[in-house]
Structure formats: structure tokens, C-alpha cells
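What follows is the content of entry-v5.csv, which has CSV, C-alpha atoms:
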chain,number,residue,atom,x,y,z
D,1,MET,CA,-38.9,43.2,16.9
D,2,GLU,CA,-35.4,43.6,15.5
D,3,THR,CA,-32.2,45.2,16.7
D,4,SER,CA,-32.0,48.9,16.0
D,5,VAL,CA,-28.8,50.1,14.3
D,6,TYR,CA,-28.0,53.6,13.1
D,7,SER,CA,-25.8,54.6,10.2
D,8,ALA,CA,-23.2,57.4,10.7
D,9,LYS,CA,-25.5,59.9,9.0
D,10,GLU,CA,-28.6,58.9,11.0
D,11,PHE,CA,-26.6,58.9,14.3
D,12,ALA,CA,-25.1,62.3,13.6
D,13,SER,CA,-28.5,63.7,12.8
D,14,LEU,CA,-29.9,62.3,16.1
D,15,LEU,CA,-27.0,64.0,18.0
D,16,GLY,CA,-27.7,67.3,16.2
D,17,ILE,CA,-24.3,67.4,14.4
D,18,SER,CA,-23.2,66.8,10.8
D,19,LYS,CA,-21.8,63.5,9.7
D,20,SER,CA,-18.5,65.2,8.9
D,21,ALA,CA,-18.3,66.6,12.4
D,22,LEU,CA,-19.0,63.1,13.8
D,23,LEU,CA,-16.3,61.5,11.8
D,24,LYS,CA,-13.8,64.3,12.6
D,25,MET,CA,-14.5,64.0,16.4
D,26,GLU,CA,-14.1,60.3,16.2
D,27,ALA,CA,-10.7,60.7,14.4
D,28,GLU,CA,-9.6,63.2,17.0
D,29,GLY,CA,-10.6,60.9,19.9
D,30,THR,CA,-13.3,63.3,21.2
D,31,LEU,CA,-15.9,60.6,20.5
D,32,PRO,CA,-15.4,56.9,20.7
D,33,GLN,CA,-14.6,54.7,17.7
D,34,PRO,CA,-17.7,53.1,16.3
D,35,ARG,CA,-18.3,49.4,15.6
D,36,LEU,CA,-17.7,48.2,12.1
D,37,ASP,CA,-20.0,45.8,10.4
D,38,ASN,CA,-18.7,44.6,7.0
D,39,GLY,CA,-16.6,47.8,6.9
D,40,MET,CA,-19.6,50.1,7.7
D,41,ARG,CA,-19.8,52.2,10.8
D,42,THR,CA,-22.7,51.2,13.0
D,43,TYR,CA,-24.1,52.8,16.1
D,44,HIS,CA,-26.6,51.5,18.6
D,45,PRO,CA,-29.2,53.2,20.8
D,46,HIS,CA,-27.4,52.3,24.0
D,47,ASP,CA,-24.4,54.3,22.7
D,48,ILE,CA,-26.4,57.6,22.7
D,49,PRO,CA,-25.9,58.6,26.4
D,50,GLU,CA,-22.1,58.3,26.2
D,51,TYR,CA,-22.0,60.4,23.0
D,52,LEU,CA,-24.2,63.1,24.6
D,53,ALA,CA,-21.9,63.2,27.6
D,54,ARG,CA,-18.8,63.5,25.4
D,55,LEU,CA,-20.4,66.3,23.5
D,56,GLY,CA,-21.1,68.2,26.7
D,57,LYS,CA,-24.9,67.8,26.3
D,58,PRO,CA,-27.3,67.1,29.2
D,59,PRO,CA,-28.5,63.6,29.9
D,60,LEU,CA,-31.7,62.2,28.2
D,61,VAL,CA,-33.6,62.3,31.4
D,62,GLY,CA,-33.2,64.0,34.8
D,63,ALA,CA,-35.5,62.3,37.3
D,64,LYS,CA,-36.4,58.7,37.0
D,65,ARG,CA,-40.0,58.1,35.9
D,66,ARG,CA,-42.4,55.3,36.5
D,67,GLN,CA,-45.4,55.3,34.2
D,68,ILE,CA,-48.5,53.2,33.8
D,69,PHE,CA,-50.9,53.0,30.8
D,70,LEU,CA,-54.4,52.3,32.1
D,71,ASN,CA,-58.0,52.6,31.1
D,72,PHE,CA,-60.8,50.6,32.7
D,73,LYS,CA,-62.5,50.4,29.2
D,74,GLY,CA,-60.9,47.9,26.9
D,75,GLY,CA,-60.2,48.3,23.2
D,76,THR,CA,-58.6,51.7,23.4
D,77,GLY,CA,-55.3,50.6,21.9
D,78,LYS,CA,-53.5,51.0,25.2
D,79,THR,CA,-51.1,48.1,24.8
D,80,SER,CA,-50.0,48.9,21.2
D,81,ILE,CA,-49.2,52.5,22.1
D,82,SER,CA,-47.4,51.7,25.3
D,83,ALA,CA,-45.2,49.1,23.5
D,84,PHE,CA,-44.4,51.5,20.6
D,85,TYR,CA,-43.8,54.4,23.0
D,86,ALA,CA,-41.4,52.3,25.1
D,87,PHE,CA,-39.6,50.9,22.1
D,88,ARG,CA,-39.1,54.4,20.6
D,89,LEU,CA,-37.7,55.7,24.0
D,90,ALA,CA,-35.2,52.9,24.0
D,91,GLN,CA,-34.4,53.6,20.3
D,92,LEU,CA,-33.6,57.2,21.3
D,93,GLY,CA,-31.1,55.9,23.9
D,94,MET,CA,-33.1,55.7,27.2
D,95,ASN,CA,-32.7,52.7,29.5
D,96,VAL,CA,-36.3,51.3,29.6
D,97,LEU,CA,-38.0,48.6,31.5
D,98,MET,CA,-41.4,47.4,30.4
D,99,VAL,CA,-43.8,45.6,32.8
D,100,ASP,CA,-46.7,43.5,31.5
D,101,LEU,CA,-49.5,43.6,34.1
D,102,ASP,CA,-52.0,41.8,32.0
D,103,PRO,CA,-52.3,37.9,32.1
D,104,GLN,CA,-53.2,37.9,28.5
D,105,GLY,CA,-49.7,39.1,27.8
D,106,HIS,CA,-50.5,41.4,24.9
D,107,LEU,CA,-47.6,43.7,25.7
D,108,THR,CA,-45.3,40.7,25.6
D,109,GLN,CA,-46.7,39.7,22.2
D,110,CYS,CA,-46.4,43.2,20.8
D,111,LEU,CA,-42.7,42.9,21.3
D,112,GLY,CA,-42.7,39.6,19.4
D,113,ILE,CA,-41.9,37.5,22.5
D,114,ASP,CA,-43.5,34.0,22.7
D,115,HIS,CA,-45.4,33.2,25.8
D,116,SER,CA,-43.5,29.9,26.3
D,117,SER,CA,-40.1,31.5,26.1
D,118,PHE,CA,-39.8,32.6,29.8
D,119,ASP,CA,-40.3,31.1,33.2
D,120,ALA,CA,-41.3,34.0,35.5
D,121,THR,CA,-43.9,36.7,35.7
D,122,LEU,CA,-44.9,39.2,38.4
D,123,TYR,CA,-46.7,36.4,40.1
D,124,ASN,CA,-43.4,34.9,41.1
D,125,VAL,CA,-42.2,38.3,42.3
D,126,LEU,CA,-45.3,39.4,44.2
D,127,ILE,CA,-46.5,36.1,45.6
D,128,GLU,CA,-43.4,33.9,45.8
D,129,ARG,CA,-41.0,36.7,46.7
D,130,MET,CA,-38.7,36.2,43.8
D,131,ASP,CA,-36.1,38.9,43.3
D,132,ILE,CA,-37.6,41.2,40.6
D,133,ARG,CA,-34.3,41.1,38.7
D,134,ASP,CA,-34.8,37.4,38.1
D,135,ALA,CA,-38.1,38.1,36.3
D,136,ILE,CA,-36.6,40.6,33.8
D,137,ILE,CA,-35.8,39.3,30.4
D,138,ASP,CA,-33.7,40.8,27.6
D,139,THR,CA,-35.0,41.9,24.2
D,140,LYS,CA,-33.1,42.4,21.0
D,141,MET,CA,-32.2,45.9,22.2
D,142,LYS,CA,-29.6,46.1,25.0
D,143,ASN,CA,-31.3,49.0,26.7
D,144,LEU,CA,-34.9,47.6,26.5
D,145,LYS,CA,-35.9,45.0,29.1
D,146,LEU,CA,-39.2,43.4,29.9
D,147,ILE,CA,-41.0,41.7,32.8
D,148,PRO,CA,-43.3,39.5,30.6
D,149,ALA,CA,-46.7,38.0,31.3
D,150,ASN,CA,-48.8,35.0,30.3
D,151,LEU,CA,-51.6,33.1,31.9
D,152,ASP,CA,-49.3,32.1,34.8
D,153,LEU,CA,-50.0,35.6,36.1
D,154,SER,CA,-53.8,34.9,36.3
D,155,PRO,CA,-53.9,33.7,40.0
D,156,VAL,CA,-52.2,36.8,41.3
D,157,GLU,CA,-55.4,38.7,42.3
D,158,LEU,CA,-56.7,35.9,44.5
D,159,SER,CA,-53.3,35.2,46.0
D,160,LEU,CA,-52.7,38.9,46.9
D,161,THR,CA,-56.0,39.1,48.8
D,162,SER,CA,-54.7,37.4,51.9
D,163,MET,CA,-51.2,39.0,51.9
D,164,ASN,CA,-49.9,41.8,54.1
D,165,ALA,CA,-49.3,45.1,52.4
D,166,ARG,CA,-50.9,43.6,49.4
D,167,GLU,CA,-51.4,47.0,47.6
D,168,LEU,CA,-47.8,48.0,47.9
D,169,ARG,CA,-45.8,44.9,47.0
D,170,LEU,CA,-45.1,46.0,43.4
D,171,LYS,CA,-43.9,49.4,44.5
D,172,LYS,CA,-41.5,47.8,47.0
D,173,SER,CA,-40.1,45.6,44.3
D,174,ILE,CA,-39.7,48.3,41.7
D,175,THR,CA,-38.1,50.7,44.2
D,176,SER,CA,-35.2,48.2,44.4
D,177,ILE,CA,-34.4,48.6,40.7
D,178,GLN,CA,-35.6,52.1,40.0
D,179,GLU,CA,-32.0,53.6,39.7
D,180,GLU,CA,-31.1,51.0,37.0
D,181,PHE,CA,-33.6,52.4,34.5
D,182,ASP,CA,-34.5,55.9,33.1
D,183,ILE,CA,-38.1,54.9,32.6
D,184,ILE,CA,-40.3,52.0,33.9
D,185,ILE,CA,-43.4,51.6,31.8
D,186,MET,CA,-46.3,49.4,32.9
D,187,ASP,CA,-49.2,48.2,30.8
D,188,ALA,CA,-52.3,47.4,32.8
D,189,SER,CA,-55.3,45.3,32.0
D,190,PRO,CA,-58.7,47.1,31.5
D,191,SER,CA,-60.0,46.2,35.0
D,192,ILE,CA,-60.2,47.3,38.6
D,193,GLY,CA,-58.2,44.9,40.7
D,194,LEU,CA,-55.4,44.5,43.2
D,195,LEU,CA,-52.7,44.1,40.5
D,196,ASN,CA,-53.7,47.4,38.8
D,197,LEU,CA,-53.9,49.1,42.2
D,198,ASN,CA,-50.3,47.9,42.8
D,199,GLY,CA,-49.4,49.3,39.4
D,200,ILE,CA,-50.9,52.7,40.1
D,201,LEU,CA,-49.3,53.0,43.6
D,202,ALA,CA,-45.9,52.0,42.0
D,203,SER,CA,-46.2,54.8,39.4
D,204,ASN,CA,-45.8,58.5,39.5
D,205,GLU,CA,-47.4,59.2,36.1
D,206,LEU,CA,-50.6,57.8,34.5
D,207,PHE,CA,-51.4,57.6,30.8
D,208,VAL,CA,-55.0,57.2,29.8
D,209,PRO,CA,-55.7,56.4,26.2
D,210,VAL,CA,-59.3,57.1,25.1
D,211,LEU,CA,-61.1,56.7,21.9
D,212,ALA,CA,-63.2,59.6,20.6
D,213,ASP,CA,-66.5,58.1,21.6
D,214,PHE,CA,-68.7,58.6,24.6
D,215,LEU,CA,-68.2,55.1,26.1
D,216,SER,CA,-64.5,56.1,26.6
D,217,TYR,CA,-65.7,59.4,28.1
D,218,HIS,CA,-67.8,57.6,30.6
D,219,GLY,CA,-64.9,55.3,31.4
D,220,LEU,CA,-62.8,58.4,32.3
D,221,LYS,CA,-65.4,59.3,35.0
D,222,ILE,CA,-65.1,55.9,36.6
D,223,LEU,CA,-61.3,56.1,36.5
D,224,PHE,CA,-61.1,59.5,38.1
D,225,GLU,CA,-63.5,58.5,40.8
D,226,THR,CA,-61.3,55.5,41.5
D,227,LEU,CA,-58.2,57.6,41.6
D,228,THR,CA,-59.8,60.0,44.1
D,229,THR,CA,-60.5,57.0,46.4
D,230,ILE,CA,-56.9,55.8,46.1
D,231,GLU,CA,-55.6,59.2,46.9
D,232,GLU,CA,-57.7,59.4,50.0
D,233,ASP,CA,-57.0,55.8,51.2
D,234,PHE,CA,-53.3,55.8,50.6
D,235,ASP,CA,-52.3,59.4,50.9
D,236,PHE,CA,-51.0,59.1,47.3
D,237,LEU,CA,-50.8,61.6,44.5
D,238,LEU,CA,-49.6,61.1,41.0
D,239,ASP,CA,-47.2,63.7,39.6
D,240,ASN,CA,-48.8,63.8,36.2
D,241,ILE,CA,-51.9,62.4,34.5
D,242,TYR,CA,-52.0,62.4,30.7
D,243,ILE,CA,-55.1,61.7,28.7
D,244,PHE,CA,-54.6,61.2,25.0
D,245,LEU,CA,-56.9,60.5,22.1
D,246,ASN,CA,-56.1,57.4,20.1
D,247,ASN,CA,-57.3,56.1,16.8
D,248,PHE,CA,-58.7,59.5,16.0
D,249,ASN,CA,-60.4,60.3,12.7
D,250,ALA,CA,-61.1,64.0,12.2
D,251,SER,CA,-63.5,63.2,9.4
D,252,HIS,CA,-66.0,61.6,11.8
D,253,ASN,CA,-68.4,64.0,13.5
D,254,ILE,CA,-68.6,61.9,16.6
D,255,CYS,CA,-64.9,62.1,17.0
D,256,LEU,CA,-64.9,65.9,16.9
D,257,ARG,CA,-67.8,66.1,19.4
D,258,ALA,CA,-66.1,63.7,21.8
D,259,LYS,CA,-62.8,65.7,21.5
D,260,GLU,CA,-64.7,68.9,22.4
D,261,ALA,CA,-66.2,67.2,25.4
D,262,LEU,CA,-62.8,66.1,26.6
D,263,GLU,CA,-61.4,69.6,26.0
D,264,LYS,CA,-64.2,71.1,28.1
D,265,HIS,CA,-64.1,68.7,31.1
D,266,TYR,CA,-60.5,67.4,31.1
D,267,SER,CA,-58.5,70.2,29.6
D,268,GLY,CA,-55.9,70.1,32.5
D,269,TYR,CA,-55.0,66.5,31.6
D,270,LEU,CA,-55.6,66.3,27.8
D,271,MET,CA,-52.5,66.1,25.7
D,272,LYS,CA,-52.2,68.2,22.6
D,273,THR,CA,-50.8,65.2,20.7
D,274,ILE,CA,-53.4,63.0,19.0
D,275,ILE,CA,-52.6,59.5,17.8
D,276,ARG,CA,-54.4,59.4,14.5
D,277,GLN,CA,-56.2,56.4,13.0
D,278,ASP,CA,-53.6,54.3,11.2
D,279,THR,CA,-54.0,50.7,10.0
D,280,LYS,CA,-50.2,50.3,10.2
D,281,ILE,CA,-50.4,50.5,14.0
D,282,ALA,CA,-52.6,47.4,14.1
D,283,GLU,CA,-50.6,45.6,11.5
D,284,ALA,CA,-47.3,46.3,13.4
D,285,ALA,CA,-48.8,45.0,16.7
D,286,SER,CA,-50.1,41.8,15.0
D,287,MET,CA,-46.6,41.2,13.6
D,288,GLY,CA,-44.9,41.7,17.0
D,289,MET,CA,-43.0,44.7,15.6
D,290,PRO,CA,-42.8,48.3,16.8
D,291,ILE,CA,-44.3,50.9,14.4
D,292,HIS,CA,-40.9,52.6,14.1
D,293,GLN,CA,-39.5,49.4,12.5
D,294,TYR,CA,-42.6,48.3,10.6
D,295,ALA,CA,-43.5,51.7,9.1
D,296,PRO,CA,-41.0,54.3,10.3
D,297,ASN,CA,-42.2,57.0,7.9
D,298,ASN,CA,-45.9,56.5,8.5
D,299,ARG,CA,-48.1,58.9,10.5
D,300,GLY,CA,-48.4,56.4,13.3
D,301,ALA,CA,-44.6,56.7,13.9
D,302,SER,CA,-44.8,60.4,13.5
D,303,ASP,CA,-47.5,60.7,16.1
D,304,ILE,CA,-45.5,58.6,18.6
D,305,ASN,CA,-42.6,61.0,18.0
D,306,ALA,CA,-44.8,64.0,18.7
D,307,PHE,CA,-46.2,62.2,21.8
D,308,ILE,CA,-42.6,61.7,23.2
D,309,LYS,CA,-41.7,65.3,22.5
D,310,GLU,CA,-44.7,66.5,24.5
D,311,ILE,CA,-43.8,64.3,27.4
D,312,PHE,CA,-40.1,65.0,27.2
D,313,PRO,CA,-39.9,68.6,25.9
D,314,ASN,CA,-36.2,69.1,26.6
D,315,LEU,CA,-34.6,66.1,25.0
D,316,PRO,CA,-31.0,66.9,23.8
D,317,ILE,CA,-31.5,64.9,20.6
D,318,ALA,CA,-33.1,65.7,17.3
D,319,PHE,CA,-35.7,63.3,15.8

Let's see the structure in the file written out as C-alpha cells.
Amino acid sequence: METSVYSAKEFASLLGISKSALLKMEAEGTLPQPRLDNGMRTYHPHDIPEYLARLGKPPLVGAKRRQIFLNFKGGTGKTSISAFYAFRLAQLGMNVLMVDLDPQGHLTQCLGIDHSSFDATLYNVLIERMDIRDAIIDTKMKNLKLIPANLDLSPVELSLTSMNARELRLKKSITSIQEEFDIIIMDASPSIGLLNLNGILASNELFVPVLADFLSYHGLKILFETLTTIEEDFDFLLDNIYIFLNNFNASHNICLRAKEALEKHYSGYLMKTIIRQDTKIAEAASMGMPIHQYAPNNRGASDINAFIKEIFPNLPIAF
């Protein structure tokens, strides 16, 4: 993952104004002076909120949101999409925290961060009572932070078993930093366990990626049964549940039939946006690069943009 920098033309387009209007307002003092890099104006994603405020536009987000990507079935592309989604939100100016809940650390790897480059995971927070701020690491973008994971997180399930309020420890920790971030995005492992239960109870929105096959369809049934039990046991209710099709190929008949089944039985949760099959997504993940840096004009990046517009329909920026 590399630092994101906008040119004057790109930044003006994002703000919904012309380049000439941007330069004029900078000269007049209405907008702040940009940084110069070898004589060229440069703008960064974390500049966007200030520019929007100076232009009299609404903020990027109203209420703070805590989101978890989860499916008990593995291989749905959950981690790649959650990483690319979070990166793009940060690229659009939001203050984002990503939380890796999987001891395999695939989310951490998707951002190009080596497993040996950090000292703390959620194990230290939930079990050893470390301040959650001390587990957060920087990325190459100022407004994108990460709580990473590696195999050091593995013992957390066993250690949580004997602890008081074991299901709510992550929620308590995240509540203490919620106001520092616009969006907190968690990537869960494909399993039913105490760590994922902590993730669900710490969230107010759930994203469920599914492949257009009937094994994924069956996995949804198990997930919703589990959610019903959680709601009853903890008097808990998610604000939103989003199911989305990933790696979709409209030329395959089985994909079309699976999509029809989802539309019939989960229409209240199924997103209109579909993430189409795209080899660039897998390539980007393997390179530790977000799709918007690896192949910004490819359909994978276009689908992530559409995904964001569906989740945030009132964003005051153009992209």
C-alpha cells in the first residue's frame, strides 16, 4: 500500500468544483494553501474534511459507524473486500480504523504489513488489558489506522473462556475510541467463537459476503440462526445487515440461480451492488495493495465505488 496523493484537478473533481475554482479560492484565502512537491500542488485524503467545511458542505459522515465483515463459510473474499472498502473510505477522506480479528492476519497482509513488524494484537487488549490505543498502528495514510493480527492472537479464544463479561470486552474497548474515528471496520475469521461474538456485539452493522453458490446460501441460514440467538441472549440488535454477492459471473447459470434464491429469501438484506469476478482483485490482495492503487480503472475498483455509494448515499463528494 502506498500513500495516496491527489493532483489539483483530481482534488477539485472530488470536491465537486472546477480546478480553476479551487485555485481561485486558494488565492483568495477561502481554502487553505496546498502542499508543494517539486513545485506541484499536492493534496491528501485527510485534507478533505477541512476543505468540505470551508466550502460549507456537510461532513462525510453523521453518526459514527462500527462495521464487521463476517461469514461462517470461508473463501468468500471477505478479507479482500473489507480491506479495499476501508482503504477507499480513507482515500475519500474518512477517518478509518481497521481491526483484524483473524489470527491468520490476512487483513493485515492485504495492507502490505509484515506480521513481524508490530508487537501487539487484540490478545493484549482483551486478555492483558492493554489500552486499545497502544495496539493501533499507523499505515502510509494518515487517516487509516489498523489493529493488526498474527498468530499471537490465536490463544484468545481459550483465554476469554474464563473471563468475566467475556463477550463484551471488545465493545468496551472500542467504545473508548469510537469518537476518534468515523468508521471502525472489523474483519472476522470464518468461524463461530468468542472473538467473533465480541466483534458482532461491538458492531452496529454487519456485512455478509456470499458467493453465488448454494454452499454460501446454506451458510447464510446458519449465520442468521446464530444472530437470532445472540439477539435473544444479549438483548442486542444490529442497525443494518448487508448481504452482497462477491466474485459474481453473470455468464454462469448457477450464479444466476443462486442470485434468484437470495433475492427471494433475503431481499430485505441483499445489496443492489454486486462485486463482479475480477482477477485484479486477487492480484491486488496478493501484492498487499488496495485495488484502487493496483488497478484504479478496473471493474473491481468501480464495484467498490458503487458499494460505497450504496452504503453512504449522501456523501458530499464526487467519485

### Task
Write out as a count of residues only the residues lying within 9 Å of Leu122 (chain D), counting all atoms listed in the file and excluding same-chain residues fewer than 3 positions away.
15

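When the distance limit is 12 Å and all atoms listed in the file are what count, the residues near Leu256 (chain D), minus those fewer than 5 positions from it on the same chain, are D:Leu211, D:Ala212, D:Asp213, D:Phe214, D:Leu245, D:Phe248, D:Asn249, D:Ala250, D:Ser251, D:Ala261, D:Leu262, D:Glu263.
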
Saved selection, atoms kept: C-alpha atoms, as a short mmCIF file (atom, residue, chain, number, x, y, z; two decimals), in the coordinates of the input:
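Result went into part_5.cif, see below:
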data_model
loop_
_atom_site.label_atom_id
_atom_site.label_comp_id
_atom_site.auth_asym_id
_atom_site.auth_seq_id
_atom_site.Cartn_x
_atom_site.Cartn_y
_atom_site.Cartn_z
CA LEU D 211 -61.10 56.70 21.90
CA ALA D 212 -63.20 59.60 20.60
CA ASP D 213 -66.50 58.10 21.60
CA PHE D 214 -68.70 58.60 24.60
CA LEU D 245 -56.90 60.50 22.10
CA PHE D 248 -58.70 59.50 16.00
CA ASN D 249 -60.40 60.30 12.70
CA ALA D 250 -61.10 64.00 12.20
CA SER D 251 -63.50 63.20 9.40
CA ALA D 261 -66.20 67.20 25.40
CA LEU D 262 -62.80 66.10 26.60
CA GLU D 263 -61.40 69.60 26.00
#

#### Entry: Gap from CA of Asp134 (chain D) to CA of Phe181 (chain D) - Å, one decimal
15.5 Å

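When only C-alpha atoms are used to compute distances to Ile200 (chain D), the closest of the residues D:Ser116, D:Thr279, D:Thr108, D:Thr226 turns out to be D:Thr226.
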
### Query
Using all atoms listed in the file, which residues sit within 9 Å of Ser154 (chain D) once same-chain residues fewer than 4 positions away are excluded, as JSON, numbers by chain?
{"D": [102, 103, 104, 123, 150, 158]}

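Within the 10 Å cut-off around Leu223 (chain D), using all atoms listed in the file and omitting residues fewer than 2 positions from it on the same chain, the listed residues are Leu70, Asn71, Phe72, Lys73, Ile192, Val208, His218, Gly219, Leu220, Lys221, Glu225, Thr226, Leu227, Thr228 and Thr229 of chain D.
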
### Task
Compare D:Ala83, D:Leu22, D:Leu31, D:Ile241 by their minimum atom-to-atom distance to Asp187 (chain D), counting only C-alpha atoms, and give me the closest one.
D:Ala83

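For the atom pair formed by CA of Gly105 (chain D) and CA of Ser302 (chain D), the distance is 26.1 Å, given to one decimal.
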
### Task
For CA of Ile281 (chain D) and CA of Ile317 (chain D), quote the distance in Å rounded to one decimal.
24.7 Å

Quick one: residues within 10 Å of Ile177 (chain D), all atoms listed in the file counted, chain neighbours fewer than 6 positions away excluded, as a PDB file with C-alpha atoms, in the coordinates of the input?
ATOM      1  CA  LEU D  97     -38.000  48.600  31.500  1.00  0.00           C
ATOM      2  CA  ILE D 132     -37.600  41.200  40.600  1.00  0.00           C
ATOM      3  CA  ARG D 133     -34.300  41.100  38.700  1.00  0.00           C
ATOM      4  CA  ILE D 184     -40.300  52.000  33.900  1.00  0.00           C
TER       5      ILE D 184
END
